[in-house]
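Dropping protein.csv in here (CSV, C-alpha atoms):
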```csv
chain,number,residue,atom,x,y,z
J,20,ASP,CA,-30.3,31.1,11.0
J,21,THR,CA,-34.0,30.4,11.3
J,22,ALA,CA,-36.0,33.4,10.2
J,23,VAL,CA,-39.2,32.6,12.0
J,24,SER,CA,-39.0,30.1,14.8
J,25,GLN,CA,-41.7,28.7,17.0
J,26,THR,CA,-41.6,26.5,20.0
J,27,PRO,CA,-42.5,23.8,20.8
J,28,LYS,CA,-42.8,21.9,17.5
J,29,TYR,CA,-45.1,19.3,19.0
J,30,LEU,CA,-47.4,19.7,21.9
J,31,VAL,CA,-49.5,16.9,23.3
J,32,THR,CA,-51.7,17.7,26.3
J,33,GLN,CA,-55.0,16.9,27.9
J,34,MET,CA,-58.3,18.7,27.7
J,35,GLY,CA,-58.7,21.6,30.1
J,36,ASN,CA,-55.0,22.4,30.3
J,37,ASP,CA,-53.4,25.8,29.6
J,38,LYS,CA,-50.5,26.0,27.2
J,39,SER,CA,-48.4,28.6,25.4
J,40,ILE,CA,-46.7,28.6,22.0
J,41,LYS,CA,-43.8,31.0,21.4
J,42,CYS,CA,-42.8,32.7,18.2
J,43,GLU,CA,-39.7,34.8,17.3
J,44,GLN,CA,-38.6,36.4,14.1
J,45,ASN,CA,-35.2,37.8,13.3
J,46,LEU,CA,-36.1,39.4,10.0
J,47,GLY,CA,-36.7,42.9,11.4
J,48,HIS,CA,-40.4,42.7,10.3
J,49,ASP,CA,-43.0,44.8,12.1
J,50,THR,CA,-46.0,42.6,11.5
J,51,MET,CA,-46.6,39.1,12.9
J,52,TYR,CA,-49.4,36.6,12.6
J,53,TRP,CA,-50.9,33.5,14.1
J,54,TYR,CA,-52.7,31.0,11.9
J,55,LYS,CA,-54.6,27.8,12.6
J,56,GLN,CA,-54.6,24.9,10.0
J,57,ASP,CA,-57.1,22.3,10.8
J,58,SER,CA,-57.4,18.7,9.7
J,59,LYS,CA,-59.0,19.8,6.4
J,60,LYS,CA,-55.8,21.8,5.7
J,61,PHE,CA,-57.7,25.1,5.7
J,62,LEU,CA,-55.3,27.9,6.9
J,63,LYS,CA,-57.2,30.6,8.8
J,64,ILE,CA,-55.8,33.7,10.3
J,65,MET,CA,-56.4,34.2,14.0
J,66,PHE,CA,-54.5,37.4,14.9
J,67,SER,CA,-52.1,39.9,13.5
J,68,TYR,CA,-49.9,42.4,15.3
J,69,ASN,CA,-48.2,45.4,13.9
J,70,ASN,CA,-45.5,47.0,16.0
J,71,LYS,CA,-46.9,45.3,19.1
J,72,GLU,CA,-50.4,46.5,18.4
J,73,LEU,CA,-53.3,44.1,17.6
J,74,ILE,CA,-54.6,44.9,14.1
J,75,ILE,CA,-56.5,41.7,13.1
J,76,ASN,CA,-58.5,39.7,15.5
J,77,GLU,CA,-60.7,37.2,13.8
J,78,THR,CA,-63.6,35.4,15.4
J,79,VAL,CA,-61.5,33.3,17.8
J,80,PRO,CA,-62.7,32.1,21.3
J,81,ASN,CA,-61.4,34.3,24.0
J,82,ARG,CA,-59.5,31.3,25.4
J,83,PHE,CA,-56.9,32.3,22.9
J,84,SER,CA,-54.8,35.3,23.9
J,85,PRO,CA,-51.9,36.6,21.9
J,86,LYS,CA,-49.2,38.6,23.5
J,87,SER,CA,-46.5,40.7,21.8
J,88,PRO,CA,-43.8,41.8,24.2
J,89,ASP,CA,-41.8,43.4,21.3
J,90,LYS,CA,-41.8,43.5,17.5
J,91,ALA,CA,-39.8,40.3,17.2
J,92,HIS,CA,-42.0,38.1,19.4
J,93,LEU,CA,-45.7,37.1,19.3
J,94,ASN,CA,-46.7,34.4,21.7
J,95,LEU,CA,-50.1,32.6,21.8
J,96,HIS,CA,-51.6,31.4,25.1
J,97,ILE,CA,-54.5,29.0,25.1
J,98,ASN,CA,-56.7,28.4,28.2
J,99,SER,CA,-58.9,25.4,28.9
J,100,LEU,CA,-57.9,23.5,25.8
J,101,GLU,CA,-60.6,21.6,24.0
J,102,LEU,CA,-60.5,18.7,21.5
J,103,GLY,CA,-61.4,21.1,18.7
J,104,ASP,CA,-58.2,23.0,19.3
J,105,SER,CA,-56.1,20.1,17.8
J,106,ALA,CA,-54.5,21.6,14.7
J,107,VAL,CA,-51.2,23.0,13.4
J,108,TYR,CA,-50.6,26.5,14.5
J,109,PHE,CA,-48.3,28.6,12.3
J,110,CYS,CA,-46.6,31.9,13.2
J,111,ALA,CA,-45.6,34.2,10.4
J,112,SER,CA,-44.1,37.7,9.9
J,113,SER,CA,-44.0,40.3,7.1
J,114,ASP,CA,-42.7,43.7,6.5
J,115,GLY,CA,-46.1,45.3,6.6
J,116,LEU,CA,-49.6,43.9,6.4
J,117,ASN,CA,-49.9,43.5,2.7
J,118,GLN,CA,-46.5,42.1,2.1
J,119,PRO,CA,-45.3,38.5,1.6
J,120,GLN,CA,-45.2,36.5,4.8
J,121,HIS,CA,-42.5,34.2,6.1
J,122,PHE,CA,-43.8,31.2,8.1
J,123,GLY,CA,-42.4,29.3,11.0
J,124,ASP,CA,-42.5,25.5,10.6
J,125,GLY,CA,-45.6,25.1,12.8
J,126,THR,CA,-46.6,23.7,16.2
J,127,ARG,CA,-48.6,20.5,16.1
J,128,LEU,CA,-51.0,20.6,19.0
J,129,SER,CA,-52.8,17.4,19.9
J,130,ILE,CA,-55.5,17.3,22.6
J,131,LEU,CA,-56.1,14.0,24.3
X,287,ARG,CA,-69.7,33.4,-1.8
X,288,LYS,CA,-66.4,32.5,-0.1
X,289,GLU,CA,-63.9,35.3,0.2
X,290,VAL,CA,-61.3,33.4,-1.7
X,291,GLU,CA,-62.1,30.3,-3.7
X,292,GLN,CA,-59.9,27.7,-5.3
X,293,ASP,CA,-60.6,24.4,-7.0
X,294,PRO,CA,-59.2,21.8,-4.5
X,295,GLY,CA,-58.1,19.4,-7.2
X,296,PRO,CA,-56.2,17.2,-7.2
X,297,PHE,CA,-54.7,18.0,-10.6
X,298,ASN,CA,-52.8,15.0,-11.8
X,299,VAL,CA,-50.5,15.9,-14.7
X,300,PRO,CA,-47.6,14.2,-16.4
X,301,GLU,CA,-44.1,15.6,-16.2
X,302,GLY,CA,-43.5,18.3,-18.8
X,303,ALA,CA,-47.2,19.3,-18.9
X,304,THR,CA,-48.5,22.8,-18.5
X,305,VAL,CA,-51.0,23.3,-15.8
X,306,ALA,CA,-53.0,26.4,-14.7
X,307,PHE,CA,-54.9,27.2,-11.5
X,308,ASN,CA,-57.4,30.0,-10.9
X,309,CYS,CA,-58.4,31.7,-7.7
X,310,THR,CA,-61.4,34.0,-7.3
X,311,TYR,CA,-61.8,36.6,-4.6
X,312,SER,CA,-64.9,38.5,-3.5
X,313,ASN,CA,-63.5,41.7,-2.0
X,314,SER,CA,-63.0,44.3,-4.7
X,315,ALA,CA,-60.9,46.4,-2.3
X,316,SER,CA,-58.2,43.8,-2.1
X,317,GLN,CA,-54.7,45.2,-2.8
X,318,SER,CA,-52.1,42.5,-2.7
X,319,PHE,CA,-52.1,39.0,-4.1
X,320,PHE,CA,-49.7,36.1,-3.7
X,321,TRP,CA,-49.2,32.4,-4.5
X,322,TYR,CA,-47.7,30.2,-1.9
X,323,ARG,CA,-46.9,26.5,-2.1
X,324,GLN,CA,-47.2,24.1,0.8
X,325,ASP,CA,-45.7,20.7,0.9
X,326,CYS,CA,-47.2,17.9,3.0
X,327,ARG,CA,-46.6,18.6,6.7
X,328,LYS,CA,-44.6,21.7,6.0
X,329,GLU,CA,-45.2,25.4,6.3
X,330,PRO,CA,-46.5,27.6,3.4
X,331,LYS,CA,-43.7,29.2,1.4
X,332,LEU,CA,-44.0,32.2,-0.9
X,333,LEU,CA,-43.9,31.2,-4.5
X,334,MET,CA,-44.5,34.6,-6.0
X,335,SER,CA,-46.3,37.9,-5.6
X,336,VAL,CA,-48.9,38.7,-8.3
X,337,TYR,CA,-48.6,42.1,-9.9
X,338,SER,CA,-51.3,44.0,-11.9
X,339,SER,CA,-49.4,43.7,-15.2
X,340,GLY,CA,-48.7,40.0,-14.7
X,341,ASN,CA,-45.3,38.5,-13.8
X,342,GLU,CA,-43.1,35.6,-14.6
X,343,ASP,CA,-40.5,33.7,-12.6
X,344,GLY,CA,-38.9,30.9,-14.6
X,345,ARG,CA,-41.5,28.3,-15.4
X,346,PHE,CA,-44.2,30.1,-13.3
X,347,THR,CA,-46.5,32.9,-14.6
X,348,ALA,CA,-49.0,34.8,-12.4
X,349,GLN,CA,-51.8,37.0,-13.7
X,350,LEU,CA,-54.3,39.3,-12.0
X,351,ASN,CA,-57.7,40.2,-13.5
X,352,ARG,CA,-59.2,42.9,-11.3
X,353,ALA,CA,-62.3,43.2,-13.4
X,354,SER,CA,-63.3,39.6,-13.0
X,355,GLN,CA,-61.6,39.4,-9.6
X,356,TYR,CA,-59.4,36.4,-10.1
X,357,ILE,CA,-55.7,35.5,-10.1
X,358,SER,CA,-54.1,32.7,-12.0
X,359,LEU,CA,-50.9,30.6,-11.8
X,360,LEU,CA,-49.5,28.9,-14.8
X,361,ILE,CA,-46.8,26.2,-14.5
X,362,ARG,CA,-44.9,25.2,-17.6
X,363,ASP,CA,-42.8,22.1,-18.0
X,364,SER,CA,-44.0,20.5,-14.8
X,365,LYS,CA,-41.4,18.8,-12.6
X,366,LEU,CA,-42.0,16.1,-10.0
X,367,SER,CA,-40.8,18.6,-7.4
X,368,ASP,CA,-43.7,20.9,-8.3
X,369,SER,CA,-46.1,18.4,-6.5
X,370,ALA,CA,-47.6,20.4,-3.7
X,371,THR,CA,-50.6,22.3,-2.6
X,372,TYR,CA,-50.8,25.8,-4.1
X,373,LEU,CA,-52.5,28.5,-2.0
X,374,CYS,CA,-53.6,31.8,-3.2
X,375,VAL,CA,-53.6,34.7,-0.8
X,376,VAL,CA,-55.5,37.9,-1.0
X,377,SER,CA,-54.9,40.8,1.4
X,378,GLY,CA,-55.8,44.5,1.9
X,379,GLY,CA,-59.3,45.8,2.1
X,380,TYR,CA,-60.5,46.1,5.7
X,381,GLN,CA,-57.1,44.8,7.0
X,382,LYS,CA,-57.9,41.3,6.0
X,383,VAL,CA,-55.5,38.5,4.9
X,384,THR,CA,-57.3,35.5,3.5
X,385,PHE,CA,-55.8,32.2,2.3
X,386,GLY,CA,-57.6,30.1,-0.2
X,387,THR,CA,-58.2,26.4,0.6
X,388,GLY,CA,-55.5,25.4,-1.8
X,389,THR,CA,-55.2,23.4,-5.0
X,390,LYS,CA,-53.4,20.1,-4.9
X,391,LEU,CA,-51.0,19.3,-7.7
X,392,GLN,CA,-49.6,15.9,-8.3
X,393,VAL,CA,-47.0,15.6,-11.1
X,394,ILE,CA,-46.7,12.0,-12.4
X,395,PRO,CA,-43.6,10.5,-13.9
```
Once you've parsed the file, please lay out its structure as structure tokens.
Amino acid sequence: DTAVSQTPKYLVTQMGNDKSIKCEQNLGHDTMYWYKQDSKKFLKIMFSYNNKELIINETVPNRFSPKSPDKAHLNLHINSLELGDSAVYFCASSDGLNQPQHFGDGTRLSIL
Amino acid sequence: RKEVEQDPGPFNVPEGATVAFNCTYSNSASQSFFWYRQDCRKEPKLLMSVYSSGNEDGRFTAQLNRASQYISLLIRDSKLSDSATYLCVVSGGYQKVTFGTGTKLQVIP
């Protein structure tokens, strides 16, 4: 059983398109996260939700909009994709904000 | 000063060697500290939490120095399978979670 699963694993699309990445966790955790890892391998937090409420919202363009329909899901919608959005996006979950996180295996987004 | 700083390496060490990494943090209100490892093109995975009194898990020892605001990771008897990037994570304090940029370790036969 996959603890944190994200889909799709690979996403290749053109500039200007809108796309979504889905994340689900079956660990019963109440905190979920989205991270972006760029070509320099720097892993930067984008958002965090606790019990469906946004608790961390780093400086991210408002083209990125997270949505948490329930505790087990945190989806990421990206409007008007740009070349600089090319990266690996990781979803993670934890049993509280300051607890160890479990990561999904990433979504590799490439913008043509 | 960056919030969390690590020497990017790479650290090239022979099998069986002992290697240590440090990670400094700037937010004195930080509450929780972790070490993760990330293999090439894979997701980060928790290696160990870091407790105030220091803790050990097999060949791995983690230490926290709150006064000087750094955490360390010591790996004894390095194995080829230890080759990876090691990320320190600092959280708490203004609801922040910050990953270091990682230290690359290459264990050589």
Check every residue of chain J for an atom within 7 Å of chain X, counting all atoms listed in the file, and provide those that qualify as a list in words. Phe61, Leu62, Lys63, Ile75, Asn117, Pro119, His121, Phe122, Gly123, Asp124 and Gly125 of chain J
Next, the residues of the selection above should be written as a short mmCIF file (atom, residue, chain, number, x, y, z; two decimals), in the coordinates of the input with C-alpha atoms.
```cif
data_model
loop_
_atom_site.label_atom_id
_atom_site.label_comp_id
_atom_site.auth_asym_id
_atom_site.auth_seq_id
_atom_site.Cartn_x
_atom_site.Cartn_y
_atom_site.Cartn_z
CA PHE J 61 -57.70 25.10 5.70
CA LEU J 62 -55.30 27.90 6.90
CA LYS J 63 -57.20 30.60 8.80
CA ILE J 75 -56.50 41.70 13.10
CA ASN J 117 -49.90 43.50 2.70
CA PRO J 119 -45.30 38.50 1.60
CA HIS J 121 -42.50 34.20 6.10
CA PHE J 122 -43.80 31.20 8.10
CA GLY J 123 -42.40 29.30 11.00
CA ASP J 124 -42.50 25.50 10.60
CA GLY J 125 -45.60 25.10 12.80
#
```
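Residues having any atom no farther than 10 Å from (-56.1, 33.3, 12.6) (counting all atoms listed in the file) are Tyr52, Trp53, Tyr54, Lys55, Gln56, Leu62, Lys63, Ile64, Met65, Phe66, Ser67, Ile75, Asn76, Glu77, Thr78, Val79, Tyr108, Phe109 and Cys110 of chain J; Val383 and Thr384 of chain X.
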Could you tell me how far atom CA of X:Leu360 sits from atom CA of X:Gly302, in Å to one decimal place?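 So the answer is 12.8 Å.
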Please identify all polymer residues within 10 Å of J:Phe83, counting all atoms listed in the file, omitting same-chain residues fewer than 4 positions from it, and present them as JSON, numbers by chain. {"J": [37, 38, 39, 65, 66, 79, 95, 96, 97, 98, 99, 100]}
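Atom pair atom CA of X:Ser369 / atom CA of X:Arg345: separated by 14.1 Å.
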What's the 8 Å shell around J:Asn94, counting all atoms listed in the file, without same-chain residues fewer than 2 positions away, as a ChimeraX atom specification? /J:39-42,85-87,92,96
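Going from atom CA of X:Val305 to atom CA of J:Asp57 covers 27.3 Å.
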Which one is closest to J:Met34: J:Leu102, J:Ala111, J:Arg127, J:Gln120? Count all atoms listed in the file.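 Counting all atoms listed in the file, the residue closest to J:Met34 is J:Leu102.
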Give me the residues within 8 Å of X:Glu291 as a compact mmCIF listing (two decimals) with C-alpha atoms, keeping the file's coordinate frame, counting all atoms listed in the file and dropping any in the same chain fewer than 2 places off.
```
# COMPACT_ATOMS: atom_id res chain seq x y z
CA LYS X 288 -66.40 32.50 -0.10
CA GLU X 289 -63.90 35.30 0.20
CA ASP X 293 -60.60 24.40 -7.00
CA CYS X 309 -58.40 31.70 -7.70
CA THR X 310 -61.40 34.00 -7.30
CA TYR X 311 -61.80 36.60 -4.60
CA GLY X 386 -57.60 30.10 -0.20
CA THR X 387 -58.20 26.40 0.60
```
